[in-house]
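First comes the structure, then the notes that go with it.
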Amino acid sequence: MTAATARTNGGAAAALLRAHRFRAIELLPWAIAIAVYFLFPGYRLLATQILVLILFAISLDLIVGYAGIVSLGHAAFFGTGAYTAALLADAGWQEPISALALGAVTAGLLGWVSGWIILRTRELTLLMLTMALGIILYELAKDLDDITGGFDGINFENSAILGLFPFDVLYYTTNYWYAFAFLVLGFLVARTVVHAPFGRSLVGIRENVRRMHAIGTPVQQRMRHVYVIAAAIAGVAGAIWVQVQGNITIGVYEFEMSGNILIMLILGGTGRLYGAFIGVTVFTILENLTETVLGTDPPYWELVVGVALVVTVLFAPRGLLGVFDPLIRRFRERSA
Amino acid sequence: MAAALDIATTILVFGLAYAMLLFIISVGLSITMGLMGFVNLAHGAFAMVGGYITVKLVTPMGVPYLLALVIAFFLVAALGAVMDRLLYRHVYGRPELDQVLFTIGIVFVSVAGVSFVWGPDPQNILLPEMLLGDIDLGFKSIPVYRAFMIVAGGAIVAALFFGLERTKIGAQVRAAVDNRRMAESCGIPTGRLFTIIFALGSGMAALGGGLGIQILGGLKPVFAFEYLVIFLIVVAVGGLGNIRGTFVAALLLGIIDFAGKYFLPEGGGFFIYGVTFIVLLWRPHGLLGKA
């Protein structure tokens, strides 16, 4: 090995070893989230929804961005977690955190069973199967409306968190911090997963599946595992989504949910976890702005999001965060 | 016995009419996917635009229904060719995720565009007199419109098979679907071929949109989203780029869907997805697709 390659290898290895360390800038989104609570008390409902959707998008990023499994049916897990928490509360199990944990378990189980089947296929078939699973669950929930409440939904109540902080569906005080806390937790889990050797092997599978097979990585098993983790986190997001509202409808299973979260994630940028933060925030705020300023009829929002998608794919294929990559690289090269 | 025969005929006729419609709309999608490996989620948008053009030609302008269908076919085919050259070509060969997003973006724009131009209200069409009423089969009478659908669908299927099996351009398409690089090395201009196929497929979708307004229960701006999944499923179950497979899948899914909704009006919508799930597990590349 020549000295030059040794140095670049050493540099790459050092970069990998550094990747998991926290940098100061990573505090920024959390500081913003805390500031929003105090600065915009009138928007706490919207802000809470953004926090939950970020968690949902992070779970999707694990499979789309890291393992390269494109899913158009991720709402299957979101909805399953949501219904687990809601039906438990409706049946009298009103403790929210254990209900949420059970939501993670049921969603994870669904991920395990469906992943075992779905992940044997790839590309278009995989896309179709994830989509079919999502729609089957939606149709089932629609048919079993005496259990799920159908379009009208079910209202339910949770007891206070840890017996101390009651949910507040009027001002979203406790609700906001509940979502915030689980976003922090979920984010840390996801961040640990992607920087662990397990996460690196997922990137390897995404980039060159043959080589990963060749060096003896159990590819199928790794994909199934990340699928279960992503499903469980999506289940947590779904559970929080309905717990903070005290209400659930079959909308949690809708295809639109799966489609929108994928769009938000891609808009922000995949395979970088923070893309979820940017994408969800920009998408949700833009949607609200357009609908309050211009109204929903005619559907200006569809026009905006449609054009945004086309432009993103044509001019910023790596998402909004990816736009800054060349700038950062140039800056680094110059300073090096 | 007579009742069973009656039900069976109903299911067969209505299911077949629906299946023909599914085939006419999906076949273009199947070929473009097989030829370029391109995931075009906006295919339903072409069907929707075709439907709207047909409605607007017939109702306010008084153009005969069949002529309106032909005009819609050519207008949307031209639109398809323009879209292909101006926009779509930039995403061929890009990762499927990009293609999915790009084409979903087009769907959003089309939904917004249609509501801007023609308003959000559902549109229906006054069929010409000759398509109203029933045909008496002796033991049962069936609606003329469904019978017309089946006959028109059958004619289109026959024309397509003939075109694909017996003409030069058909042979080129088959070669390009089979092995694109090899076809290119033999001097087949796959780029131009693709524009032609794309235009033809878009035109067919428009034809389907115009023909099927009544079967699909009227036109709304969300049509492109509502039916997107169904068309994709037909293509995936049949096998990409395989016209025979698409036809078999359309028959299977069309009849099963109608039968499901007939016997179980509450939960019938779910059958078609269940069948899709099972078929794709059993044959991941579709019924007649190649690995």
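Quick note on naming: the chains in the structure tokens go A, B, ... in the order shown, residues restart at 1 in each chain, and ligands are numbered from 1 in order of appearance.
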* Write out as a PyMOL selection string which residues come within 9 Å of Ile150 of chain B when counting only C-alpha atoms, dropping same-chain ones fewer than 3 positions away. => chain B and resi 13+16-21+145-147+153-155
| task | Identify, with DSSP run on backbone atoms, the residues in segment 13-204 of chain B assigned to strand (DSSP E or B), and express the list as an MDAnalysis selection string. | result | chainID B and resid 123 134:136 141:143
Do you know which residues are at most 8 Å from Ala205 of chain B counting only C-alpha atoms, after dropping those on the same chain fewer than 5 positions away, and could you put them as a list in words?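 Contacts, with the query itself left out: Ile24, Ile25, Ser26, Gly28, His43, Gly44, Phe46, Ala47 and Gly50 of chain B.
The gap separating atom CA of Gly105 of chain B from atom CA of Val305 of chain A is 6.9 Å, in Å to one decimal.
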What are the residues of chain A lining chain B at 9 Å or less? Count only C-alpha atoms, and put the answer as a PyMOL selection string. chain A and resi 70+117-118+120-126+128-129+131-133+135-140+142-144+259+262-263+266+297-314+317
Residues near Ser258 of chain A, cut-off 9 Å, only C-alpha atoms, skip fewer than 5 positions along chain, as a list in words
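Near Ser258 of chain A, the qualifying residues are Ser71, Leu72, Gly73, His74, Ala75, Ala76, Met131, Gly134, Tyr253 and Ile263 of chain A.
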Deliver the residues from the most recent selection as a file, using C-alpha atoms, as a CSV table (one decimal), in the first residue's frame.
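Saved file part07.csv follows:
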```csv
chain,number,residue,atom,x,y,z
A,71,SER,CA,-42.2,1.8,0.8
A,72,LEU,CA,-45.5,3.3,-0.2
A,73,GLY,CA,-47.3,1.7,2.7
A,74,HIS,CA,-45.6,2.9,5.8
A,75,ALA,CA,-48.9,4.1,7.2
A,76,ALA,CA,-49.7,0.4,7.9
A,131,MET,CA,-48.7,-0.4,-1.1
A,134,GLY,CA,-51.3,-0.5,3.4
A,253,TYR,CA,-54.3,4.0,7.5
A,263,ILE,CA,-42.8,13.0,-0.1
```
Item to complete: Please provide the set of residues having any atom within 7 Å of Gly245 of chain B, restricted to only C-alpha atoms, with same-chain residues fewer than 5 positions apart removed, written as a list in words.
Response: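 Using only C-alpha atoms, the neighbours found are Gly238, Gly239, Leu287 and Leu288 of chain B.
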Residues from the last selection, C-alpha atoms, saved as a CSV table (one decimal), in the first residue's frame:
```csv
chain,number,residue,atom,x,y,z
B,238,GLY,CA,-49.4,-9.2,-15.2
B,239,GLY,CA,-45.7,-8.7,-15.4
B,287,LEU,CA,-48.1,-13.9,-13.8
B,288,LEU,CA,-46.3,-14.0,-17.1
```
Tell me, in Å to one decimal, how far atom CA of Ala234 of chain A is from atom CA of Ile97 of chain A.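 Those two atoms sit 15.2 Å apart.
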_Can you tell me, as a VMD selection string, which residues in segment 3-251 of chain B count as helix (DSSP H, G or I) by DSSP?_
chain B and resid 3 to 36 43 to 58 65 to 86 88 to 90 96 to 118 129 to 131 144 to 166 168 to 178 180 to 185 190 to 211 223 to 226 228 to 238 243 to 251
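Between atom CA of Leu267 of chain A and atom CA of Val193 of chain A the separation is 22.6 Å.
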Using only C-alpha atoms, can you tell me which of B:Pro189, B:Gly34, B:Pro122, B:Gly80 comes closest to Ile213 of chain B?
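When distances to Ile213 of chain B are compared using only C-alpha atoms, the smallest one comes from B:Pro122.
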* Ala171 of chain B environment, 12 Å, only C-alpha atoms, sequence neighbours closer than 4 positions dropped, as a PyMOL selection string -> chain B and resi 161-167+175-178+183+188+193
Shell of 10 Å around Ile69 of chain A, only C-alpha atoms, local chain residues under 3 positions omitted, as an mmCIF file with C-alpha atoms, in the first residue's frame:
```
data_model
loop_
_atom_site.group_PDB
_atom_site.id
_atom_site.type_symbol
_atom_site.label_atom_id
_atom_site.label_comp_id
_atom_site.auth_asym_id
_atom_site.auth_seq_id
_atom_site.Cartn_x
_atom_site.Cartn_y
_atom_site.Cartn_z
ATOM 1 C CA LEU A 60 -39.242 5.724 7.102
ATOM 2 C CA ASP A 61 -35.731 7.107 6.535
ATOM 3 C CA LEU A 62 -34.294 4.006 8.220
ATOM 4 C CA ILE A 63 -35.686 1.771 5.496
ATOM 5 C CA VAL A 64 -35.771 4.155 2.510
ATOM 6 C CA GLY A 65 -32.631 6.168 3.123
ATOM 7 C CA TYR A 66 -30.407 3.560 4.719
ATOM 8 C CA LEU A 72 -45.505 3.312 -0.242
ATOM 9 C CA LEU A 119 -38.630 -8.279 1.545
ATOM 10 C CA ARG A 122 -37.554 -6.041 -4.926
ATOM 11 C CA GLU A 123 -38.123 -2.890 -6.941
ATOM 12 C CA LEU A 126 -41.727 -4.516 -3.444
ATOM 13 C CA LEU A 127 -43.338 -1.130 -3.984
ATOM 14 C CA THR A 130 -45.975 -2.379 0.551
ATOM 15 C CA ARG A 206 -28.212 -0.192 -0.461
ATOM 16 C CA MET A 223 -33.198 -5.908 5.958
ATOM 17 C CA TYR A 227 -37.813 -3.203 8.777
ATOM 18 C CA LEU B 97 -37.492 6.781 -6.000
#
```
Report task. Go through A:Gly235, A:Gly295, A:Gly111, A:Gly319 one by one, measure the shortest atom-to-atom distance of each to Leu265 of chain A using only C-alpha atoms, and give the residue with the smallest value. Result ->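 Checking each candidate against Leu265 of chain A, we get A:Gly319 as the closest.
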For Val184 of chain A, the closest of A:Tyr43, A:Tyr37, A:Phe315, A:Phe277 counting only C-alpha atoms is A:Phe277
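Distances from B:Gly203, B:Gly241, B:Gly218, B:Gly254 to Leu35 of chain B were compared using only C-alpha atoms, and the smallest one belongs to B:Gly241.
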